[in-house]
>>> print(open('my_file-v3.cif').read())   # mmCIF, C-alpha atoms and all ligand atoms
data_target
loop_
_atom_site.label_atom_id
_atom_site.label_comp_id
_atom_site.auth_asym_id
_atom_site.auth_seq_id
_atom_site.Cartn_x
_atom_site.Cartn_y
_atom_site.Cartn_z
CA MET E 299 -12.32 -7.59 12.08
CA MET E 300 -11.70 -11.27 11.56
CA THR E 301 -10.58 -10.94 7.93
CA HIS E 302 -8.02 -8.31 8.91
CA ALA E 303 -6.60 -10.47 11.67
CA LEU E 304 -6.25 -13.33 9.18
CA LYS E 305 -4.61 -11.06 6.62
CA ALA E 306 -2.09 -9.80 9.17
CA ASP E 307 -1.28 -13.38 10.16
CA GLY E 308 -0.72 -14.34 6.53
CA VAL E 309 1.63 -11.39 5.97
CA LEU E 310 3.53 -12.21 9.16
CA ALA E 311 3.97 -15.83 8.03
CA ASP E 312 5.31 -14.64 4.66
CA LEU E 313 7.63 -12.18 6.38
CA LYS E 314 9.07 -14.97 8.47
CA ARG E 315 9.49 -17.19 5.40
CA ALA E 316 11.40 -14.33 3.74
CA GLY E 317 13.90 -14.54 6.60
CA LEU E 318 12.87 -11.45 8.57
CA LYS E 319 12.65 -11.87 12.32
CA LEU E 320 9.19 -11.25 13.74
CA THR E 321 9.97 -8.62 16.34
CA PRO E 322 7.09 -7.10 18.36
CA GLN E 323 7.61 -3.86 16.41
CA ARG E 324 7.37 -5.54 13.02
CA MET E 325 4.25 -7.44 14.12
CA ALA E 326 2.64 -4.19 15.29
CA ILE E 327 3.49 -2.44 12.00
CA VAL E 328 1.91 -5.27 9.96
CA ARG E 329 -1.20 -5.37 12.20
CA GLU E 330 -1.61 -1.60 12.04
CA LEU E 331 -1.42 -1.54 8.24
CA ALA E 332 -3.58 -4.64 7.66
CA ASP E 333 -6.46 -2.77 9.31
CA ASP E 334 -5.99 0.42 7.36
CA CYS E 335 -7.53 1.35 4.02
CA THR E 336 -6.43 5.02 4.15
CA HIS E 337 -3.06 4.36 2.42
CA PRO E 338 -0.95 5.81 5.24
CA THR E 339 2.64 7.01 4.87
CA ALA E 340 5.44 5.48 6.92
CA GLN E 341 5.47 8.69 8.98
CA GLU E 342 1.76 8.34 9.83
CA LEU E 343 2.19 4.72 10.92
CA PHE E 344 5.27 5.68 12.92
CA GLU E 345 3.37 8.37 14.81
CA ARG E 346 0.44 6.06 15.50
CA LEU E 347 2.68 3.28 16.85
CA ARG E 348 5.07 5.49 18.82
CA PRO E 349 2.97 5.63 22.01
CA ALA E 350 3.08 1.81 22.23
CA PHE E 351 6.74 1.56 21.15
CA PRO E 352 8.53 4.71 22.39
CA THR E 353 11.97 3.30 21.52
CA MET E 354 11.08 2.34 17.95
CA SER E 355 12.86 4.37 15.24
CA PHE E 356 11.34 5.73 12.07
CA ALA E 357 13.89 3.63 10.12
CA THR E 358 12.42 0.43 11.61
CA VAL E 359 8.97 1.39 10.37
CA TYR E 360 10.18 2.49 6.97
CA ASN E 361 12.49 -0.50 6.41
CA THR E 362 9.78 -2.98 7.42
CA LEU E 363 7.27 -1.41 5.03
CA ASP E 364 9.87 -1.25 2.27
CA ALA E 365 10.77 -4.95 2.74
CA LEU E 366 7.07 -5.92 2.66
CA ALA E 367 6.53 -3.89 -0.52
CA LYS E 368 9.56 -5.51 -2.20
CA LEU E 369 8.17 -8.95 -1.31
CA GLY E 370 4.86 -7.95 -2.88
CA LEU E 371 3.05 -8.37 0.45
CA LEU E 372 1.76 -4.83 0.34
CA GLY E 373 1.33 -2.23 -2.31
CA SER E 374 2.99 1.16 -2.43
CA LEU E 375 1.84 4.21 -4.23
CA ARG E 376 3.82 7.37 -4.89
CA LEU E 377 1.74 10.55 -4.76
CA GLY E 378 3.71 13.75 -5.06
CA THR E 379 6.68 13.30 -2.76
CA ALA E 380 4.97 10.91 -0.35
CA VAL E 381 4.99 7.11 -0.60
CA ARG E 382 1.74 5.65 0.68
CA PHE E 383 1.47 2.01 1.72
CA ASP E 384 -1.48 -0.15 0.76
CA PRO E 385 -2.55 -3.46 2.33
CA ASN E 386 -4.65 -4.20 -0.75
CA THR E 387 -2.37 -6.18 -3.10
CA ALA E 388 -5.09 -7.06 -5.62
CA PRO E 389 -5.10 -4.97 -8.82
CA HIS E 390 -7.15 -1.83 -8.22
CA HIS E 391 -7.37 1.85 -9.09
CA HIS E 392 -7.31 4.87 -6.78
CA ALA E 393 -9.31 8.04 -6.36
CA VAL E 394 -7.31 10.87 -4.79
CA CYS E 395 -8.86 13.98 -3.20
CA ASP E 396 -7.04 17.14 -4.31
CA ALA E 397 -8.30 19.00 -1.23
CA CYS E 398 -7.51 16.70 1.74
CA GLY E 399 -5.31 14.04 0.13
CA ALA E 400 -7.66 11.13 0.94
CA VAL E 401 -6.95 8.03 -1.16
CA VAL E 402 -9.73 5.54 -1.83
CA ASP E 403 -9.58 2.14 -3.54
CA LEU E 404 -11.65 1.59 -6.65
CA PRO E 405 -12.23 -1.80 -8.26
CA ALA E 406 -10.07 -2.49 -11.30
CA GLY E 407 -11.98 -2.73 -14.56
CA PRO E 408 -11.57 -5.58 -17.02
CA PRO E 409 -7.92 -6.30 -17.92
CA LEU E 410 -6.39 -4.38 -20.84
CA ARG E 411 -7.39 -5.81 -24.22
CA PRO E 412 -4.34 -7.42 -25.87
CA SER E 413 -4.59 -5.02 -28.83
CA VAL E 414 -4.67 -1.96 -26.52
CA LYS E 415 -1.76 -3.32 -24.48
CA LYS E 416 0.24 -3.96 -27.68
CA SER E 417 -0.39 -0.46 -28.96
CA ILE E 418 0.68 1.09 -25.61
CA GLU E 419 3.84 -1.03 -25.68
CA GLU E 420 4.63 0.02 -29.24
CA THR E 421 4.09 3.71 -28.48
CA SER E 422 5.97 3.78 -25.18
CA GLY E 423 8.65 1.14 -25.74
CA PHE E 424 7.66 -0.31 -22.35
CA GLU E 425 6.75 -3.86 -21.55
CA ILE E 426 3.50 -3.38 -19.58
CA HIS E 427 3.04 -5.56 -16.49
CA THR E 428 0.22 -3.90 -14.60
CA GLU E 429 -2.25 -1.11 -15.08
CA GLU E 430 -3.11 1.28 -12.28
CA ARG E 431 -5.14 4.44 -12.70
CA THR E 432 -5.42 7.48 -10.48
CA TYR E 433 -8.62 9.51 -10.59
CA ARG E 434 -8.35 12.98 -9.07
CA GLY E 435 -11.13 15.13 -7.68
CA ARG E 436 -12.83 15.90 -4.39
CA CYS E 437 -13.96 13.38 -1.80
CA ARG E 438 -17.39 13.36 -0.16
CA SER E 439 -16.32 15.50 2.77
CA CYS E 440 -14.55 18.09 0.57
CA ILE E 441 -17.22 18.69 -2.11
ZN ZN E 501 -11.14 15.36 0.62
ZN ZN E 502 -5.19 1.05 -2.72
#
>>> encode(input="my_file-v3.cif", output="structure tokens")
Amino acid sequence: MMTHALKADGVLADLKRAGLKLTPQRMAIVRELADDCTHPTAQELFERLRPAFPTMSFATVYNTLDALAKLGLLGSLRLGTAVRFDPNTAPHHHAVCDACGAVVDLPAGPPLRPSVKKSIEETSGFEIHTEERTYRGRCRSCI
């Protein structure tokens, strides 16, 4: 899709600005993820890209994703022991299927009311920057 191609190009430009060399592997990793709304793990992306890049190491995939996440160019989401990567960097919530592990984006609601945010901060001692919810249940194919 056109929008995905544009998104990948934007991420690649930012990656270059951040001082990372645009190797064919890194470009393929970014393109693969920009097209993907399933929140894949580094391992899943590695296995998908391996046929095209048989000499590429898992570390290359992981380190590229990690660098992109640190730059805020993609989201990451820890579920259980797995870190899932997310091309959607806008604030949003997730629905997670307890049966098959599918992760789906849900639109974020209105931002936290200042009074609610203040009360959470007072109770937790945290300074709250973002709000992200996880809804758990069963997806359409697992009901
Ligand atoms: Zn499911
Ligand atoms: Zn997401």
>>> residues_near_point(input="my_file-v3.cif", point="(14.8, -5.3, 7.5)", cutoff="12 Å", atoms="all atoms listed in the file", output="PDB file with C-alpha atoms, keeping the file's coordinate frame")
ATOM      1  CA  LEU E 313       7.630 -12.180   6.380  1.00  0.00           C
ATOM      2  CA  LYS E 314       9.070 -14.970   8.470  1.00  0.00           C
ATOM      3  CA  ALA E 316      11.400 -14.330   3.740  1.00  0.00           C
ATOM      4  CA  GLY E 317      13.900 -14.540   6.600  1.00  0.00           C
ATOM      5  CA  LEU E 318      12.870 -11.450   8.570  1.00  0.00           C
ATOM      6  CA  LYS E 319      12.650 -11.870  12.320  1.00  0.00           C
ATOM      7  CA  LEU E 320       9.190 -11.250  13.740  1.00  0.00           C
ATOM      8  CA  THR E 321       9.970  -8.620  16.340  1.00  0.00           C
ATOM      9  CA  GLN E 323       7.610  -3.860  16.410  1.00  0.00           C
ATOM     10  CA  ARG E 324       7.370  -5.540  13.020  1.00  0.00           C
ATOM     11  CA  ALA E 357      13.890   3.630  10.120  1.00  0.00           C
ATOM     12  CA  THR E 358      12.420   0.430  11.610  1.00  0.00           C
ATOM     13  CA  VAL E 359       8.970   1.390  10.370  1.00  0.00           C
ATOM     14  CA  TYR E 360      10.180   2.490   6.970  1.00  0.00           C
ATOM     15  CA  ASN E 361      12.490  -0.500   6.410  1.00  0.00           C
ATOM     16  CA  THR E 362       9.780  -2.980   7.420  1.00  0.00           C
ATOM     17  CA  LEU E 363       7.270  -1.410   5.030  1.00  0.00           C
ATOM     18  CA  ASP E 364       9.870  -1.250   2.270  1.00  0.00           C
ATOM     19  CA  ALA E 365      10.770  -4.950   2.740  1.00  0.00           C
ATOM     20  CA  LEU E 366       7.070  -5.920   2.660  1.00  0.00           C
ATOM     21  CA  ALA E 367       6.530  -3.890  -0.520  1.00  0.00           C
ATOM     22  CA  LYS E 368       9.560  -5.510  -2.200  1.00  0.00           C
ATOM     23  CA  LEU E 369       8.170  -8.950  -1.310  1.00  0.00           C
TER      24      LEU E 369
END
>>> closest_atom_pairs(input="my_file-v3.cif", of="chain E", to="ligand ZN 502 (chain E)", cutoff="7 Å", atoms="all atoms listed in the file", output="tab-separated table")
residue	atom	partner	partner_atom	distance
E:His337	CA	E:ZN502	ZN	6.5
E:Asp384	CA	E:ZN502	ZN	5.2
E:Asn386	CA	E:ZN502	ZN	5.6
E:His390	CA	E:ZN502	ZN	6.5
E:His391	CA	E:ZN502	ZN	6.8
E:His392	CA	E:ZN502	ZN	6.0
E:Val402	CA	E:ZN502	ZN	6.4
E:Asp403	CA	E:ZN502	ZN	4.6
>>> residues_around(input="my_file-v3.cif", residues="segment 418-427 of chain E", least_positions_apart="5", cutoff="12 Å", atoms="all atoms listed in the file", output="VMD selection string")
chain E and resid 389 409 to 413
>>> closest_residue(input="my_file-v3.cif", among="E:Gly308, E:Gly435, E:Pro338, E:Pro352", to="Arg376 of chain E", atoms="all atoms listed in the file")
E:Pro338
>>> residues_near_ligand(input="my_file-v3.cif", ligand="ligand ZN 501 (chain E)", cutoff="10 Å", atoms="only C-alpha atoms and all ligand atoms", output="ChimeraX atom specification")
/E:394-401,435-441
>>> atom_distance(input="my_file-v3.cif", atom1="atom CA of Leu347 of chain E", atom2="atom CA of Ile327 of chain E")
7.5 Å
>>> closest_residue(input="my_file-v3.cif", among="E:Thr432, E:Ser355, E:Ser417, E:Thr387", to="Val309 of chain E", atoms="all atoms listed in the file")
E:Thr387
>>> closest_residue(input="my_file-v3.cif", among="E:Glu430, E:Lys416, E:Thr353, E:Arg329", to="Gly373 of chain E", atoms="all atoms listed in the file")
E:Glu430
>>> closest_residue(input="my_file-v3.cif", among="E:Pro408, E:Leu372, E:Ala340, E:Ala332", to="Ala306 of chain E", atoms="only C-alpha atoms")
E:Ala332
>>> residues_around(input="my_file-v3.cif", residues="Ala380 of chain E", least_positions_apart="2", cutoff="10 Å", atoms="all atoms listed in the file", output="MDAnalysis selection string")
chainID E and resid 338:341 375:378 382:383
>>> atom_distance(input="my_file-v3.cif", atom1="atom CA of Gly370 of chain E", atom2="atom CA of Pro385 of chain E")
10.1 Å
>>> build_atoms(input="my_file-v3.cif", residues="segment 393-411 of chain E", atoms="N, CA and C atoms", output="CSV table (one decimal), keeping the file's coordinate frame")
chain,number,residue,atom,x,y,z
E,393,ALA,N,-8.8,6.7,-6.2
E,393,ALA,CA,-9.3,8.0,-6.4
E,393,ALA,C,-8.6,8.9,-5.3
E,394,VAL,N,-8.1,10.0,-5.7
E,394,VAL,CA,-7.3,10.9,-4.8
E,394,VAL,C,-8.0,12.2,-4.7
E,395,CYS,N,-8.2,12.7,-3.4
E,395,CYS,CA,-8.9,14.0,-3.2
E,395,CYS,C,-7.8,15.1,-3.3
E,396,ASP,N,-8.0,16.0,-4.2
E,396,ASP,CA,-7.0,17.1,-4.3
E,396,ASP,C,-7.1,18.1,-3.1
E,397,ALA,N,-8.2,18.1,-2.3
E,397,ALA,CA,-8.3,19.0,-1.2
E,397,ALA,C,-7.7,18.4,0.0
E,398,CYS,N,-8.0,17.2,0.5
E,398,CYS,CA,-7.5,16.7,1.7
E,398,CYS,C,-6.5,15.6,1.6
E,399,GLY,N,-6.3,15.1,0.3
E,399,GLY,CA,-5.3,14.0,0.1
E,399,GLY,C,-5.8,12.6,0.4
E,400,ALA,N,-7.1,12.5,0.7
E,400,ALA,CA,-7.7,11.1,0.9
E,400,ALA,C,-7.5,10.3,-0.3
E,401,VAL,N,-7.1,9.0,-0.1
E,401,VAL,CA,-7.0,8.0,-1.2
E,401,VAL,C,-7.9,6.9,-0.9
E,402,VAL,N,-8.7,6.6,-2.0
E,402,VAL,CA,-9.7,5.5,-1.8
E,402,VAL,C,-9.5,4.5,-2.9
E,403,ASP,N,-9.7,3.2,-2.6
E,403,ASP,CA,-9.6,2.1,-3.5
E,403,ASP,C,-10.8,2.1,-4.4
E,404,LEU,N,-10.6,1.8,-5.7
E,404,LEU,CA,-11.6,1.6,-6.6
E,404,LEU,C,-11.4,0.3,-7.3
E,405,PRO,N,-12.5,-0.5,-7.6
E,405,PRO,CA,-12.2,-1.8,-8.3
E,405,PRO,C,-11.6,-1.6,-9.6
E,406,ALA,N,-10.7,-2.5,-10.0
E,406,ALA,CA,-10.1,-2.5,-11.3
E,406,ALA,C,-11.1,-2.9,-12.3
E,407,GLY,N,-11.1,-2.3,-13.5
E,407,GLY,CA,-12.0,-2.7,-14.6
E,407,GLY,C,-11.5,-4.0,-15.2
E,408,PRO,N,-12.1,-4.4,-16.3
E,408,PRO,CA,-11.6,-5.6,-17.0
E,408,PRO,C,-10.1,-5.4,-17.4
E,409,PRO,N,-9.3,-6.5,-17.5
E,409,PRO,CA,-7.9,-6.3,-17.9
E,409,PRO,C,-7.8,-5.7,-19.3
E,410,LEU,N,-6.7,-5.0,-19.6
E,410,LEU,CA,-6.4,-4.4,-20.8
E,410,LEU,C,-6.6,-5.4,-22.0
E,411,ARG,N,-7.3,-4.9,-23.0
E,411,ARG,CA,-7.4,-5.8,-24.2
E,411,ARG,C,-6.0,-6.0,-24.8
